[in-house]
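Coordinates from input03.pdb are shown below (PDB, C-alpha atoms).
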ATOM      1  CA  LEU A   1     132.223  98.531  74.668
ATOM      2  CA  ASN A   2     131.570 101.859  76.420
ATOM      3  CA  LEU A   3     129.048 102.858  73.770
ATOM      4  CA  ALA A   4     127.219  99.557  74.278
ATOM      5  CA  ARG A   5     127.164 100.170  78.028
ATOM      6  CA  LEU A   6     125.907 103.693  77.395
ATOM      7  CA  ILE A   7     123.097 102.392  75.178
ATOM      8  CA  ARG A   8     122.033 100.013  77.966
ATOM      9  CA  ALA A   9     122.188 102.799  80.573
ATOM     10  CA  ASP A  10     120.233 105.225  78.379
ATOM     11  CA  HIS A  11     117.629 102.530  77.705
ATOM     12  CA  HIS A  12     116.991 102.099  81.446
ATOM     13  CA  PHE A  13     117.065 105.875  81.977
ATOM     14  CA  ASN A  14     114.498 106.499  79.232
ATOM     15  CA  LYS A  15     112.245 103.804  80.720
ATOM     16  CA  GLN A  16     112.595 105.572  84.103
ATOM     17  CA  ARG A  17     114.189 102.520  85.665
ATOM     18  CA  TYR A  18     116.662 104.652  87.573
ATOM     19  CA  ALA A  19     118.218 101.984  89.801
ATOM     20  CA  GLU A  20     119.155  99.922  86.751
ATOM     21  CA  ALA A  21     120.252 103.057  84.901
ATOM     22  CA  ALA A  22     122.460 104.148  87.804
ATOM     23  CA  ASN A  23     124.139 100.750  87.905
ATOM     24  CA  SER A  24     124.606 100.779  84.133
ATOM     25  CA  TYR A  25     126.038 104.308  84.070
ATOM     26  CA  THR A  26     128.524 103.268  86.741
ATOM     27  CA  ASP A  27     129.902 100.714  84.242
ATOM     28  CA  VAL A  28     130.452 103.404  81.576
ATOM     29  CA  GLN A  29     133.905 104.988  81.406
ATOM     30  CA  ILE A  30     132.716 108.472  80.587
ATOM     31  CA  ASP A  31     136.176 109.804  79.727
ATOM     32  CA  LYS A  32     136.441 107.142  77.000
ATOM     33  CA  LEU A  33     133.268 108.354  75.258
ATOM     34  CA  PRO A  34     133.298 110.890  72.425
ATOM     35  CA  ALA A  35     133.533 114.404  73.872
ATOM     36  CA  LYS A  36     130.053 115.394  72.694
ATOM     37  CA  LEU A  37     128.457 112.528  74.682
ATOM     38  CA  GLN A  38     130.269 113.118  77.955
ATOM     39  CA  PRO A  39     128.230 115.985  79.483
ATOM     40  CA  GLY A  40     124.825 114.400  78.858
ATOM     41  CA  THR A  41     126.013 111.010  80.036
ATOM     42  CA  LEU A  42     127.412 112.370  83.286
ATOM     43  CA  PHE A  43     124.264 114.456  83.852
ATOM     44  CA  ASN A  44     122.002 111.436  83.274
ATOM     45  CA  LYS A  45     124.179 109.320  85.551
ATOM     46  CA  ALA A  46     123.829 111.874  88.350
ATOM     47  CA  TRP A  47     120.067 112.154  87.795
ATOM     48  CA  ALA A  48     119.668 108.367  87.840
ATOM     49  CA  LEU A  49     121.697 108.116  91.040
ATOM     50  CA  ALA A  50     119.475 110.729  92.687
ATOM     51  CA  ASP A  51     116.278 108.966  91.648
ATOM     52  CA  ALA A  52     117.752 105.609  92.706
ATOM     53  CA  GLN A  53     117.996 106.969  96.278
ATOM     54  CA  ARG A  54     121.788 107.176  96.238
ATOM     55  CA  PRO A  55     122.101 110.837  97.265
ATOM     56  CA  GLN A  56     125.811 110.937  98.141
ATOM     57  CA  ASP A  57     126.733 109.338  94.812
ATOM     58  CA  ALA A  58     124.366 111.705  93.004
ATOM     59  CA  ILE A  59     125.860 114.774  94.684
ATOM     60  CA  GLY A  60     129.329 113.564  93.702
ATOM     61  CA  ALA A  61     128.282 113.001  90.096
ATOM     62  CA  PHE A  62     126.522 116.392  89.851
ATOM     63  CA  SER A  63     129.601 118.043  91.371
ATOM     64  CA  GLN A  64     131.817 116.278  88.844
ATOM     65  CA  PHE A  65     129.511 117.428  86.027
ATOM     66  CA  LEU A  66     129.620 121.028  87.268
ATOM     67  CA  ALA A  67     133.410 120.955  87.583
ATOM     68  CA  GLN A  68     134.022 119.395  84.157
ATOM     69  CA  PHE A  69     131.294 121.147  82.161
ATOM     70  CA  PRO A  70     130.588 124.508  83.868
ATOM     71  CA  ALA A  71     129.307 126.159  80.691
ATOM     72  CA  ASP A  72     127.076 123.304  79.539
ATOM     73  CA  GLU A  73     123.409 124.003  78.792
ATOM     74  CA  LEU A  74     122.446 121.555  81.576
ATOM     75  CA  THR A  75     124.341 123.448  84.299
ATOM     76  CA  ALA A  76     121.290 125.184  85.789
ATOM     77  CA  LYS A  77     119.352 121.911  85.914
ATOM     78  CA  ALA A  78     122.338 120.136  87.474
ATOM     79  CA  LEU A  79     122.578 122.787  90.194
ATOM     80  CA  ALA A  80     118.851 122.646  90.886
ATOM     81  CA  ARG A  81     118.787 118.854  91.027
ATOM     82  CA  ARG A  82     121.867 118.768  93.245
ATOM     83  CA  GLY A  83     120.120 121.306  95.489
ATOM     84  CA  LEU A  84     117.090 119.016  95.737
ATOM     85  CA  THR A  85     119.388 116.118  96.564
ATOM     86  CA  TYR A  86     121.034 118.162  99.312
ATOM     87  CA  ARG A  87     117.542 118.859 100.665
ATOM     88  CA  ASP A  88     116.830 115.123 100.656
ATOM     89  CA  ILE A  89     119.731 114.593 103.060
ATOM     90  CA  LYS A  90     118.775 117.662 105.136
ATOM     91  CA  ASP A  91     121.808 119.737 104.059
ATOM     92  CA  THR A  92     119.894 122.983 103.673
ATOM     93  CA  ALA A  93     122.989 125.196 103.610
ATOM     94  CA  ASN A  94     124.386 123.568 100.468
ATOM     95  CA  ALA A  95     120.907 123.298  98.968
ATOM     96  CA  MET A  96     120.360 127.025  99.468
ATOM     97  CA  THR A  97     123.763 127.769  97.913
ATOM     98  CA  ASP A  98     122.824 125.819  94.780
ATOM     99  CA  PHE A  99     119.375 127.410  94.498
ATOM    100  CA  LYS A 100     120.787 130.912  94.952
ATOM    101  CA  ARG A 101     123.362 130.223  92.259
ATOM    102  CA  VAL A 102     120.646 129.094  89.850
ATOM    103  CA  ALA A 103     118.633 132.253  90.528
ATOM    104  CA  GLN A 104     121.644 134.538  90.216
ATOM    105  CA  ASP A 105     123.587 132.954  87.354
ATOM    106  CA  PHE A 106     120.722 131.499  85.293
ATOM    107  CA  PRO A 107     117.762 133.877  85.750
ATOM    108  CA  ASN A 108     116.105 132.814  82.493
ATOM    109  CA  SER A 109     116.437 129.043  82.854
ATOM    110  CA  GLU A 110     113.634 126.591  83.547
ATOM    111  CA  ALA A 111     115.302 125.767  86.855
ATOM    112  CA  THR A 112     114.930 129.305  88.217
ATOM    113  CA  GLU A 113     111.260 128.845  89.103
ATOM    114  CA  LEU A 114     112.128 125.733  91.112
ATOM    115  CA  ALA A 115     115.034 127.551  92.770
ATOM    116  CA  TYR A 116     112.830 130.391  94.070
ATOM    117  CA  LEU A 117     110.224 127.930  95.301
ATOM    118  CA  GLN A 118     112.845 125.901  97.167
ATOM    119  CA  MET A 119     114.490 129.016  98.622
ATOM    120  CA  GLY A 120     111.099 130.103  99.946
ATOM    121  CA  LEU A 121     110.365 126.684 101.416
ATOM    122  CA  ILE A 122     113.764 126.471 103.105
ATOM    123  CA  ALA A 123     113.384 129.984 104.529
ATOM    124  CA  ALA A 124     109.912 129.074 105.820
ATOM    125  CA  GLU A 125     111.279 125.925 107.479
ATOM    126  CA  GLN A 126     113.954 128.045 109.130
ATOM    127  CA  ARG A 127     111.341 130.591 110.198
ATOM    128  CA  ASP A 128     113.155 133.347 108.332
ATOM    129  CA  HIS A 129     110.004 135.252 107.465
ATOM    130  CA  LYS A 130     111.646 138.095 105.551
ATOM    131  CA  ALA A 131     113.599 135.667 103.351
ATOM    132  CA  THR A 132     110.432 133.623 102.823
ATOM    133  CA  ILE A 133     108.572 136.707 101.626
ATOM    134  CA  ALA A 134     111.457 137.796  99.388
ATOM    135  CA  ALA A 135     111.834 134.407  97.683
ATOM    136  CA  PHE A 136     108.128 133.820  97.164
ATOM    137  CA  GLU A 137     107.461 137.385  95.989
ATOM    138  CA  THR A 138     110.225 137.016  93.420
ATOM    139  CA  LEU A 139     108.695 133.725  92.293
ATOM    140  CA  VAL A 140     105.232 135.200  91.718
ATOM    141  CA  LYS A 141     106.645 138.312  90.025
ATOM    142  CA  LYS A 142     108.892 136.395  87.629
ATOM    143  CA  PHE A 143     106.500 133.461  87.120
ATOM    144  CA  PRO A 144     102.937 134.738  87.685
ATOM    145  CA  THR A 145     101.345 131.674  86.054
ATOM    146  CA  SER A 146     103.498 129.181  87.952
ATOM    147  CA  PRO A 147     101.707 126.114  89.305
ATOM    148  CA  ALA A 148     103.456 126.989  92.584
ATOM    149  CA  ALA A 149     101.970 130.508  92.737
ATOM    150  CA  GLY A 150      99.219 129.495  95.159
ATOM    151  CA  GLN A 151     101.735 127.879  97.461
ATOM    152  CA  ALA A 152     103.959 130.950  97.214
ATOM    153  CA  TRP A 153     101.115 133.337  98.052
ATOM    154  CA  PHE A 154     100.206 131.153 101.031
ATOM    155  CA  GLY A 155     103.837 131.258 102.201
ATOM    156  CA  ILE A 156     103.862 135.033 101.826
ATOM    157  CA  GLY A 157     100.623 135.346 103.779
ATOM    158  CA  ARG A 158     101.821 133.045 106.519
ATOM    159  CA  ALA A 159     105.138 134.893 106.836
ATOM    160  CA  HIS A 160     103.373 138.266 107.074
ATOM    161  CA  TYR A 161     101.047 136.773 109.693
ATOM    162  CA  SER A 162     104.053 135.599 111.731
ATOM    163  CA  LEU A 163     105.456 139.130 111.498
ATOM    164  CA  GLN A 164     102.055 140.448 112.646
ATOM    165  CA  GLN A 165     101.623 142.354 109.408
ATOM    166  CA  TRP A 166      97.920 141.700 109.212
ATOM    167  CA  ALA A 167      96.952 143.722 106.126
ATOM    168  CA  GLU A 168      99.727 142.212 103.982
ATOM    169  CA  SER A 169      98.838 138.755 105.275
ATOM    170  CA  VAL A 170      95.195 139.106 104.287
ATOM    171  CA  LYS A 171      96.108 140.396 100.804
ATOM    172  CA  ALA A 172      98.443 137.469 100.181
ATOM    173  CA  LEU A 173      95.995 134.894 101.505
ATOM    174  CA  ILE A 174      93.253 136.286  99.267
ATOM    175  CA  LYS A 175      95.603 135.833  96.313
ATOM    176  CA  THR A 176      96.156 132.262  97.484
ATOM    177  CA  ILE A 177      92.450 131.610  97.099
ATOM    178  CA  ASP A 178      92.345 133.379  93.729
TER     179      ASP A 178
END
Please express the file's structure as structure tokens.
Amino acid sequence: LNLARLIRADHHFNKQRYAEAANSYTDVQIDKLPAKLQPGTLFNKAWALADAQRPQDAIGAFSQFLAQFPADELTAKALARRGLTYRDIKDTANAMTDFKRVAQDFPNSEATELAYLQMGLIAAEQRDHKATIAAFETLVKKFPTSPAAGQAWFGIGRAHYSLQQWAESVKALIKTID
């Protein structure tokens, strides 16, 4: 019965019908599934809950995933997505904690680029110009071809401008245009 419920939930998830997927995953007793299916199922449940605009439930599910499967290959993505969900509810302290953990513990994961971008954006929102520069400079050094590079260079230029560091600001803003 749980496998049938899982098939239904995965069907909705794969069709990007996240509200239906979230409801279907809620019906699945994850601990009754074969061990190899549990991490992915819990991760997908959390993702579906986040995309279904149920942030508190999503944060709980991502936290459960991270507690039960700390060494899983999806851990960095779970942290990054939980960080984005924290940002959605304006909990920047917990969001920053998750993004920093991704950057520190998973420096070679796909989620690291997102983590540096989000750390820079949060620092910019908080008007912490030095942290903004540090996060965005790390992003463009580690991921020079990132689609977010222009945004990062703009953030660097704006932060230098706020610090009245005119030469550095101009250099960064020129790179934004490039």
Extract, using only C-alpha atoms, all DNA, RNA and protein residues at most 10 Å from Asp31 of chain A, discarding same-chain residues fewer than 4 positions from it, and format them as a PyMOL selection string. chain A and resi 2+35+37-38+42
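Closest approach to Ala152 of chain A from the set A:Ala134, A:Leu117, A:Ala58, A:Trp166 is made by A:Leu117, with distances taken over only C-alpha atoms.
Across A:Asp128, A:Asp10, A:Asp57, A:Glu20, the tightest approach to Asn44 of chain A is made by A:Asp10 when counting only C-alpha atoms.
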Leaving out Ile7 of chain A and any residue of its chain fewer than 6 positions from it, which residues lie within 10 Å of it when counting all atoms listed in the file, given as a ChimeraX atom specification? /A:1,13,24-25,28
Go ahead and fit an axis-aligned box to every listed atom of segment 42-48 of chain A plus 8 Å each side, and pass me the centre and edge lengths in Å, one decimal, as lines of an AutoDock Vina configuration file.
center_x = 123.5
center_y = 111.4
center_z = 85.8
size_x = 23.7
size_y = 22.1
size_z = 21.1
Evaluating the PyMOL selection byres ((chain A and resi 64-71) around 12) on the displayed file yields which residues, as a ChimeraX atom specification? /A:30-31,35-47,57-63,72-82,98,105-106
If you count only C-alpha atoms, which residues fall within 9 Å of Leu121 of chain A, apart from same-chain ones fewer than 4 positions away, as a VMD selection string? chain A and resid 116 to 117 125 to 126 132 135 to 136 152 155
Export C-alpha atoms of the chosen residues as an mmCIF file, in the coordinates of the input?
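Written out: again.cif:
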data_model
loop_
_atom_site.group_PDB
_atom_site.id
_atom_site.type_symbol
_atom_site.label_atom_id
_atom_site.label_comp_id
_atom_site.auth_asym_id
_atom_site.auth_seq_id
_atom_site.Cartn_x
_atom_site.Cartn_y
_atom_site.Cartn_z
ATOM 1 C CA TYR A 116 112.830 130.391 94.070
ATOM 2 C CA LEU A 117 110.224 127.930 95.301
ATOM 3 C CA GLU A 125 111.279 125.925 107.479
ATOM 4 C CA GLN A 126 113.954 128.045 109.130
ATOM 5 C CA THR A 132 110.432 133.623 102.823
ATOM 6 C CA ALA A 135 111.834 134.407 97.683
ATOM 7 C CA PHE A 136 108.128 133.820 97.164
ATOM 8 C CA ALA A 152 103.959 130.950 97.214
ATOM 9 C CA GLY A 155 103.837 131.258 102.201
#
Using all atoms listed in the file: which of A:Tyr161, A:Gly120, A:Arg17, A:Asp88 has the shortest distance to Ala148 of chain A: A:Gly120
